[in-house]
Amino acid sequence: MSIPQSGGGPIEHHSQLAEYLASGCKPKQDWRIGTEHEKFGYCKDSLLPIPYEGPRSVRAVLEGLRDAHGWAPVEEAGKLIGLVKDGANVSLEPGGQLELSGAALETIHETCDEVNQHLREVKDVADKVGVGFIGLGAAPVWTHDQMPQMPKGRYKLMTSYMDRVGTMGKSMMYRTCTVQVNLDFASEPDMVKKLRVAIALQPVATALFANSPFFEGKPNGHKSWRSRIWRDLDASRTGMLPFVFEDGFGFERYAEYALDVPMYFVYRDGKYIDALGMSFRDFMAGKLPALPGETPTLSDWADHLTTAFPEARIKKYMEMRGADGGPWRRLCALPAFWVGLMYDQSALDAAWDLARGWDAETREGLRVAASVDGLQARVGDIRMHDLAREVLALSEAGLKARARAGAGGLVPDETHFLNALKDSIETGKTPADELLEKYHGEWHGDLSRIYAEYSY
């Protein structure tokens, strides 16, 4: 989850809300790729989640990265809660999931090198303290009561609020992991088309990256339980955003949506002030109960935008949010998948041609079916496996057209990063399918074997 934003002055006019979003527009030559991924840490002897403090802990891992690999510390109330280096940051999710938020880079080659370097560093530190890390969409065995809580004020507030607005908010916070990519847009029309494609085709990513078929020690009936969890978190801030597909959609309409998302907090002087369920519109009018008489800054608006959790969202860039965390290869495949679709105009146009005829019911049906059945999903006459094959071909064509070479020019483009997904299309199996086969086969229902076989 996002760190506090900074640098924004007072909001004096309503128009500044949409202008803030529009200020992210960049010419194509300045478009970048920012990859984020989360992973679960566990103690190798007990296979239980690592606590925040102690010899085998989240803090021990952060300290190891700081001391051995040159990361600078980030603290909150005297507690080490993150790290920064070279435009990237390492942060903590509520249950101790370790997240890398990568730097804004030009190619998939660079972002994959960054992921690989990070995982090597984490493994170096983790091995020394008896900790392991695994990439899955949901914790396969652990209960909520077994999860630690990280010492971050934002998470304390959110935890207390989740049961008021849904049934699975705490499960999302403490027991899920994702991989996502952040991408740029050139203009308002470019943002509109990209966001429509991103939301409409997010179920394809959910299906291809499905990797959470277990929860609390047994199969849960879904290929992506993480996706299922998001459907019962808080309807006011999640979902497929039907208004994005309406005529006239743009930055102003998205700002209006965000204004209607209930607040979580206001960040002041290093502390999170409880604004749970309050209205940013009231804040604009100086009538926020948490800060009577005070009006917001653009930093407050930036913070508030991070508390909307649709399947794809915009800030000064666009976030693709539909994929489960997973194995090493797929951490590079996810940005490649979306860059191929979004950063080549022909691929983007073709992707929109695929999805433009769907209505809101179809889009939501695909979202639900992808979480349950993965590549085997079907909605009406749409077969997910066929749709995913077509979308992946568009992504590959987009990457070929980009022709961004790597390895000193020895690799002509970025298409090889899609190989893990091409394997899934060929076999019809996602990571979730492979895990279920192991569980019902050679593991004989023993989920403890997942750690040794699937950790980084």
# chains A, B, ... in the order shown; residues from 1 in each chain; ligands from 1
>>> residues_around(residues="A:Tyr451", least_positions_apart="5", cutoff="9 Å", atoms="only C-alpha atoms", output="list in words")
Tyr42, Lys44, Leu47, Gly132, Phe133 and Ile134 of chain A
>>> write_last_selection(atoms="C-alpha atoms", output="short mmCIF file (atom, residue, chain, number, x, y, z; two decimals), in the first residue's frame")
data_model
loop_
_atom_site.label_atom_id
_atom_site.label_comp_id
_atom_site.auth_asym_id
_atom_site.auth_seq_id
_atom_site.Cartn_x
_atom_site.Cartn_y
_atom_site.Cartn_z
CA TYR A 42 7.71 -17.18 7.05
CA LYS A 44 11.63 -21.83 8.03
CA LEU A 47 6.34 -22.32 8.67
CA GLY A 132 11.83 -17.77 3.65
CA PHE A 133 9.68 -15.83 1.17
CA ILE A 134 7.01 -17.20 -1.14
#
>>> residues_around(residues="A:Asp163", least_positions_apart="3", cutoff="12 Å", atoms="only C-alpha atoms", output="ChimeraX atom specification")
/A:157-160,166-173,232-234
>>> select_by_dssp(residues="stretch 237-356 of chain A", states="strand (DSSP E or B)", output="list in words")
Thr238, Gly239, Phe265, Val266, Tyr267, Arg268, Lys271, Tyr272, Ile273, Asp274, Thr297, Phe309, Pro310, Ala312, Arg313, Ile314, Met318, Glu319, Met320, Arg321, Gly322, Ala323 and Asp324 of chain A
>>> write_last_selection(atoms="N, CA and C atoms", output="mmCIF file, in the first residue's frame")
data_model
loop_
_atom_site.group_PDB
_atom_site.id
_atom_site.type_symbol
_atom_site.label_atom_id
_atom_site.label_comp_id
_atom_site.auth_asym_id
_atom_site.auth_seq_id
_atom_site.Cartn_x
_atom_site.Cartn_y
_atom_site.Cartn_z
ATOM 1 N N THR A 238 -14.168 -0.359 -4.541
ATOM 2 C CA THR A 238 -13.634 -1.458 -5.335
ATOM 3 C C THR A 238 -14.483 -1.670 -6.586
ATOM 4 N N GLY A 239 -14.063 -2.601 -7.439
ATOM 5 C CA GLY A 239 -14.920 -3.014 -8.534
ATOM 6 C C GLY A 239 -14.453 -2.608 -9.916
ATOM 7 N N PHE A 265 -8.173 8.477 6.412
ATOM 8 C CA PHE A 265 -7.298 9.214 7.323
ATOM 9 C C PHE A 265 -6.888 10.548 6.704
ATOM 10 N N VAL A 266 -6.280 11.380 7.530
ATOM 11 C CA VAL A 266 -5.510 12.540 7.087
ATOM 12 C C VAL A 266 -4.135 12.421 7.749
ATOM 13 N N TYR A 267 -3.094 12.653 6.987
ATOM 14 C CA TYR A 267 -1.726 12.509 7.486
ATOM 15 C C TYR A 267 -1.189 13.886 7.866
ATOM 16 N N ARG A 268 -0.852 14.041 9.148
ATOM 17 C CA ARG A 268 -0.337 15.311 9.646
ATOM 18 C C ARG A 268 0.816 15.068 10.623
ATOM 19 N N LYS A 271 1.700 11.606 11.677
ATOM 20 C CA LYS A 271 0.659 10.802 12.313
ATOM 21 C C LYS A 271 -0.567 10.694 11.400
ATOM 22 N N TYR A 272 -1.266 9.576 11.543
ATOM 23 C CA TYR A 272 -2.509 9.351 10.796
ATOM 24 C C TYR A 272 -3.694 9.723 11.684
ATOM 25 N N ILE A 273 -4.453 10.698 11.238
ATOM 26 C CA ILE A 273 -5.623 11.164 11.979
ATOM 27 C C ILE A 273 -6.850 10.427 11.463
ATOM 28 N N ASP A 274 -7.628 9.874 12.349
ATOM 29 C CA ASP A 274 -8.799 9.072 12.013
ATOM 30 C C ASP A 274 -9.852 9.929 11.314
ATOM 31 N N THR A 297 -4.950 19.847 1.376
ATOM 32 C CA THR A 297 -3.893 20.160 0.431
ATOM 33 C C THR A 297 -3.907 19.117 -0.686
ATOM 34 N N PHE A 309 -9.734 1.401 -4.436
ATOM 35 C CA PHE A 309 -9.125 0.127 -4.830
ATOM 36 C C PHE A 309 -9.859 -0.572 -5.980
ATOM 37 N N PRO A 310 -10.201 0.119 -7.047
ATOM 38 C CA PRO A 310 -10.831 -0.580 -8.177
ATOM 39 C C PRO A 310 -9.829 -1.491 -8.874
ATOM 40 N N ALA A 312 -8.531 -1.309 -11.736
ATOM 41 C CA ALA A 312 -7.464 -0.456 -12.258
ATOM 42 C C ALA A 312 -7.796 0.953 -11.802
ATOM 43 N N ARG A 313 -6.784 1.742 -11.508
ATOM 44 C CA ARG A 313 -7.058 3.088 -10.997
ATOM 45 C C ARG A 313 -6.044 4.069 -11.567
ATOM 46 N N ILE A 314 -6.377 5.357 -11.483
ATOM 47 C CA ILE A 314 -5.441 6.390 -11.896
ATOM 48 C C ILE A 314 -5.095 7.284 -10.719
ATOM 49 N N MET A 318 -1.314 5.151 -14.138
ATOM 50 C CA MET A 318 -2.361 4.138 -14.089
ATOM 51 C C MET A 318 -1.809 2.854 -13.489
ATOM 52 N N GLU A 319 -2.594 2.208 -12.611
ATOM 53 C CA GLU A 319 -2.181 0.982 -11.941
ATOM 54 C C GLU A 319 -3.054 -0.185 -12.375
ATOM 55 N N MET A 320 -2.403 -1.278 -12.786
ATOM 56 C CA MET A 320 -3.096 -2.518 -13.133
ATOM 57 C C MET A 320 -3.080 -3.430 -11.914
ATOM 58 N N ARG A 321 -4.277 -3.781 -11.395
ATOM 59 C CA ARG A 321 -4.361 -4.317 -10.047
ATOM 60 C C ARG A 321 -5.012 -5.701 -9.953
ATOM 61 N N GLY A 322 -5.067 -6.459 -11.061
ATOM 62 C CA GLY A 322 -5.884 -7.665 -11.060
ATOM 63 C C GLY A 322 -5.180 -8.987 -10.862
ATOM 64 N N ALA A 323 -3.858 -8.982 -10.642
ATOM 65 C CA ALA A 323 -3.101 -10.236 -10.677
ATOM 66 C C ALA A 323 -2.658 -10.696 -9.295
ATOM 67 N N ASP A 324 -2.670 -12.016 -9.108
ATOM 68 C CA ASP A 324 -2.115 -12.621 -7.895
ATOM 69 C C ASP A 324 -0.589 -12.517 -7.898
#
>>> closest_residue(among="A:Thr427, A:Ser212, A:Ser15, A:Gln376", to="A:Val141", atoms="only C-alpha atoms")
A:Ser212
>>> closest_residue(among="A:Arg449, A:Arg231, A:Arg404, A:Lys422", to="A:Thr107", atoms="only C-alpha atoms")
A:Arg404
>>> atom_distance(atom1="atom CA of A:Val125", atom2="atom CA of A:Gly64")
5.6 Å
>>> closest_residue(among="A:Asp446, A:Glu114, A:Asp247, A:Glu437", to="A:Arg196", atoms="only C-alpha atoms")
A:Asp247
>>> closest_residue(among="A:His144, A:Arg389, A:Lys287, A:Lys315", to="A:Leu195", atoms="only C-alpha atoms")
A:Lys315
>>> atom_distance(atom1="atom CA of A:Leu98", atom2="atom CA of A:Gly326")
13.3 Å
>>> residues_around(residues="stretch 135-139 of chain A", least_positions_apart="5", cutoff="7 Å", atoms="only C-alpha atoms", output="list in words")
Lys39, Phe40, Arg175, Thr176, Cys177, Thr178, Asn211, Ser212, Phe215, Trp225, Arg226, Asp324, Gly325, Gly326, Pro327 and Ser455 of chain A
>>> residues_around(residues="A:Leu399", least_positions_apart="3", cutoff="7 Å", atoms="only C-alpha atoms", output="list in words")
Gly340, Ser395, Glu396, Arg402, Ala403, Asp413, Glu414 and Thr415 of chain A
>>> write_last_selection(atoms="C-alpha atoms", output="short mmCIF file (atom, residue, chain, number, x, y, z; two decimals), in the first residue's frame")
data_model
loop_
_atom_site.label_atom_id
_atom_site.label_comp_id
_atom_site.auth_asym_id
_atom_site.auth_seq_id
_atom_site.Cartn_x
_atom_site.Cartn_y
_atom_site.Cartn_z
CA GLY A 340 2.59 -4.78 -24.80
CA SER A 395 0.51 -7.98 -26.18
CA GLU A 396 3.26 -9.92 -27.96
CA ARG A 402 8.25 -1.51 -29.33
CA ALA A 403 11.45 -3.35 -30.29
CA ASP A 413 12.70 -7.14 -27.91
CA GLU A 414 10.80 -7.87 -24.69
CA THR A 415 8.57 -10.69 -25.95
#
>>> residues_around(residues="A:Gly270", least_positions_apart="5", cutoff="10 Å", atoms="only C-alpha atoms", output="PDB file with N, CA and C atoms, in the first residue's frame")
ATOM      1  N   PRO A   4       2.809   7.857   2.490  1.00  0.00           N
ATOM      2  CA  PRO A   4       2.233   9.195   2.470  1.00  0.00           C
ATOM      3  C   PRO A   4       2.807  10.050   1.344  1.00  0.00           C
ATOM      4  N   GLU A  75      11.304   5.394   8.626  1.00  0.00           N
ATOM      5  CA  GLU A  75      10.744   5.102   9.942  1.00  0.00           C
ATOM      6  C   GLU A  75       9.410   5.800  10.142  1.00  0.00           C
ATOM      7  N   GLU A  76       8.598   5.210  11.005  1.00  0.00           N
ATOM      8  CA  GLU A  76       7.363   5.829  11.463  1.00  0.00           C
ATOM      9  C   GLU A  76       7.291   5.639  12.966  1.00  0.00           C
ATOM     10  N   ALA A  77       7.186   6.739  13.698  1.00  0.00           N
ATOM     11  CA  ALA A  77       7.134   6.697  15.165  1.00  0.00           C
ATOM     12  C   ALA A  77       8.295   5.875  15.736  1.00  0.00           C
ATOM     13  N   GLY A 153       0.462   3.430  11.362  1.00  0.00           N
ATOM     14  CA  GLY A 153      -0.794   4.019  11.795  1.00  0.00           C
ATOM     15  C   GLY A 153      -1.924   3.837  10.806  1.00  0.00           C
TER      16      GLY A 153
END
>>> residues_around(residues="A:Glu246", least_positions_apart="6", cutoff="12 Å", atoms="only C-alpha atoms", output="PyMOL selection string")
chain A and resi 192-193+196+253-254+356+359-360
>>> select_by_dssp(residues="stretch 44-125 of chain A", states="alpha helix (DSSP H)", output="compact mmCIF listing (two decimals) with C-alpha atoms, in the first residue's frame")
# COMPACT_ATOMS: atom_id res chain seq x y z
CA VAL A 58 10.37 -8.40 9.27
CA ARG A 59 12.59 -5.89 11.02
CA ALA A 60 15.57 -8.26 10.82
CA VAL A 61 15.07 -8.52 7.06
CA LEU A 62 14.77 -4.75 6.66
CA GLU A 63 17.87 -4.21 8.78
CA GLY A 64 19.77 -6.77 6.73
CA LEU A 65 18.82 -5.05 3.47
CA ARG A 66 19.82 -1.72 4.98
CA ASP A 67 23.18 -2.87 6.33
CA ALA A 68 24.30 -5.30 3.63
CA HIS A 69 22.77 -3.84 0.49
CA ILE A 108 10.92 -4.65 -19.15
CA HIS A 109 14.57 -5.73 -19.28
CA GLU A 110 15.38 -3.08 -16.67
CA THR A 111 12.38 -3.74 -14.47
CA CYS A 112 13.06 -7.50 -14.51
CA ASP A 113 16.71 -6.90 -13.60
CA GLU A 114 15.45 -4.80 -10.69
CA VAL A 115 13.09 -7.57 -9.53
CA ASN A 116 15.83 -10.18 -9.81
CA GLN A 117 18.33 -8.05 -7.89
CA HIS A 118 15.79 -7.43 -5.14
CA LEU A 119 14.90 -11.10 -4.76
CA ARG A 120 18.60 -12.03 -4.62
CA GLU A 121 19.15 -9.47 -1.87
CA VAL A 122 16.10 -10.62 0.07
CA LYS A 123 17.19 -14.25 -0.17
CA ASP A 124 20.69 -13.37 0.98
CA VAL A 125 19.34 -11.69 4.10
>>> closest_residue(among="A:Lys194, A:Asp269, A:Pro189, A:Thr206", to="A:Leu341", atoms="only C-alpha atoms")
A:Lys194
>>> closest_residue(among="A:Leu92, A:Ile382, A:Leu208, A:Val339", to="A:Arg363", atoms="only C-alpha atoms")
A:Ile382
>>> atom_distance(atom1="atom CA of A:Lys128", atom2="atom CA of A:Thr35")
26.8 Å
>>> residues_around(residues="A:Arg228", least_positions_apart="4", cutoff="9 Å", atoms="only C-alpha atoms", output="VMD selection string")
chain A and resid 222 224 232 368 371 to 372
